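Engineer: Structure incoming, see below.
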Amino acid sequence: MAVERTLSIIKPDATARNLTGKINTRFEEAGLRLVAQRRLKLTREQAEAFYAVHAERPFYNDLCTYMTSGPIVVQVLEGENAIARNREVMGNTNPANAAEGTIRKDFGQNIEANSVHGSDAPETAAVEIAFFFSTCDIVG
Ligand code: CMP
């Protein structure tokens with residue numbers, strides 16, 4: 001299995017409830033290493049650009065409003081099969097459908113305020129990591 005990197009975001013609903021440490025523990029316990037991390041507040045422009053792939057979806061406007069509503073933590077997770085592993089740890093996009101023990105089941109509030117984002121494929125991981133981090137920010 002290859003060592004991969006994936007982009008993770010701890011969303012405003014989770015930072016508001018002081019859950020950053022608890023969520024990071026889930027990642028570390030799953031064998032994912034936090035090799036870069038920064039807390040920031042997205043501008044509208046940044047949110048629209050980051051989620052541009054969803055621009056035609058009915059939830060895009062609300063999603064961008066939500067993602068700019070408070071601080072987020074952007075991070076790079078590294079490990080064996082990191083993209084799929086992170087998606088397992090996060091659980092289904094909709095917390096109502098997420099498996100027991102996943103981050104979204106335990107912390108997510110609804111399909112929008114679902115606590116975390118994770119890249120869905122190697123190509124999107126590369127683009128999403130480069131959106132927030134330069135190579136020298138990532139220390140493996
Ligand atoms: P995320 O992994 O950040 O990618 C896009 C986000 O859009 C998704 O998580 C959800 O939080 C949000 N979203 C809001 N409504 C929907 C929906 N109906 N279907 C999928 N994603 C949605």
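Residue names in the structure tokens use chain letters A, B, ... in the order shown, residue numbers from 1 in each chain, and ligand numbers from 1 in the order shown.
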Select from chain A everything DSSP, run on the backbone, classes as alpha helix (DSSP H), then give the selection as a PyMOL selection string.

Structural biologist: chain A and resi 12-16+20-29+44-50+60-67+82-90+103-107+122-132

Engineer: Pick out the residues sitting within 7 Å of Val3 of chain A, and hand them over as a list of chain:residue names; count only C-alpha atoms, and ignore anything fewer than 5 positions along from it in its own chain.

Structural biologist: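 The filter keeps A:Glu78, A:Gly79, A:Glu80, A:Asn81, A:Ala82.
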
Engineer: Kindly provide the residues of segment 23-54 of chain A that approach segment 96-110 of chain A to within 12 Å, each paired with its closest atom pair and their distance in Å to one decimal, based on only C-alpha atoms, listed by chain and increasing number, as a Markdown table.

Structural biologist:
```
| residue | atom | partner | partner_atom | distance |
| --- | --- | --- | --- | --- |
| A:Ile23 | CA | A:Ile103 | CA | 7.0 |
| A:Asn24 | CA | A:Ile103 | CA | 10.1 |
| A:Thr25 | CA | A:Ile103 | CA | 10.5 |
| A:Arg26 | CA | A:Ile103 | CA | 7.6 |
| A:Phe27 | CA | A:Ile103 | CA | 9.4 |
| A:Ala30 | CA | A:Thr102 | CA | 11.0 |
```

Engineer: Could you give me, as a tab-separated table, a per-residue list for chain A showing, wherever an atom lies at most 8 Å from an atom of ligand 1, the closest pair of atoms and their distance in Å to one decimal, using only C-alpha atoms and all ligand atoms and sorting by chain then residue number from low to high?

Structural biologist:
```
residue	atom	partner	partner_atom_place_in_ligand_line	distance
A:Ile9	CA	ligand 1	3 (O)	7.8
A:Tyr51	CA	ligand 1	5 (C)	7.0
A:His54	CA	ligand 1	5 (C)	7.2
A:Pro58	CA	ligand 1	18 (N)	7.7
A:Phe59	CA	ligand 1	15 (N)	5.1
A:Tyr60	CA	ligand 1	7 (O)	7.1
A:Asp62	CA	ligand 1	14 (C)	7.7
A:Leu63	CA	ligand 1	7 (O)	5.9
A:Thr93	CA	ligand 1	9 (O)	5.8
A:Asn94	CA	ligand 1	10 (C)	7.4
A:Asn110	CA	ligand 1	11 (O)	7.9
A:Ile111	CA	ligand 1	11 (O)	5.1
A:Glu112	CA	ligand 1	11 (O)	3.7
A:Ala113	CA	ligand 1	11 (O)	5.9
A:Asn114	CA	ligand 1	11 (O)	5.4
A:Ser115	CA	ligand 1	11 (O)	7.9
A:Val116	CA	ligand 1	3 (O)	6.6
A:His117	CA	ligand 1	2 (O)	4.1
A:Gly118	CA	ligand 1	2 (O)	5.7
A:Ser119	CA	ligand 1	2 (O)	7.3
```

Engineer: Quick one: of A:Glu29, A:Leu40, A:Gln75, A:Glu48, who's nearest to Asp137 of chain A, counting only C-alpha atoms?

Structural biologist: A:Gln75

Engineer: What lies within 12 Å of Gln37 of chain A using only C-alpha atoms, ignoring chain neighbours under 2 positions off, as a list in words?

Structural biologist: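 So, after excluding close chain neighbours, the residues are Thr6, Leu7, Ser8, Ile9, Ile10, Thr20, Asn24, Arg33, Leu34, Val35, Arg39, Leu40, Ile72, Val73, Val74, Gln75, Val76, Leu77, Glu78, Ile129, Phe132, Phe133, Ser134, Asp137, Ile138, Val139 and Gly140 of chain A.
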
Engineer: For the strand (DSSP E or B) assignment from backbone DSSP, which residues of chain A qualify? Please present them as a VMD selection string.

Structural biologist: chain A and resid 3 to 10 33 to 40 72 to 80 116 to 118
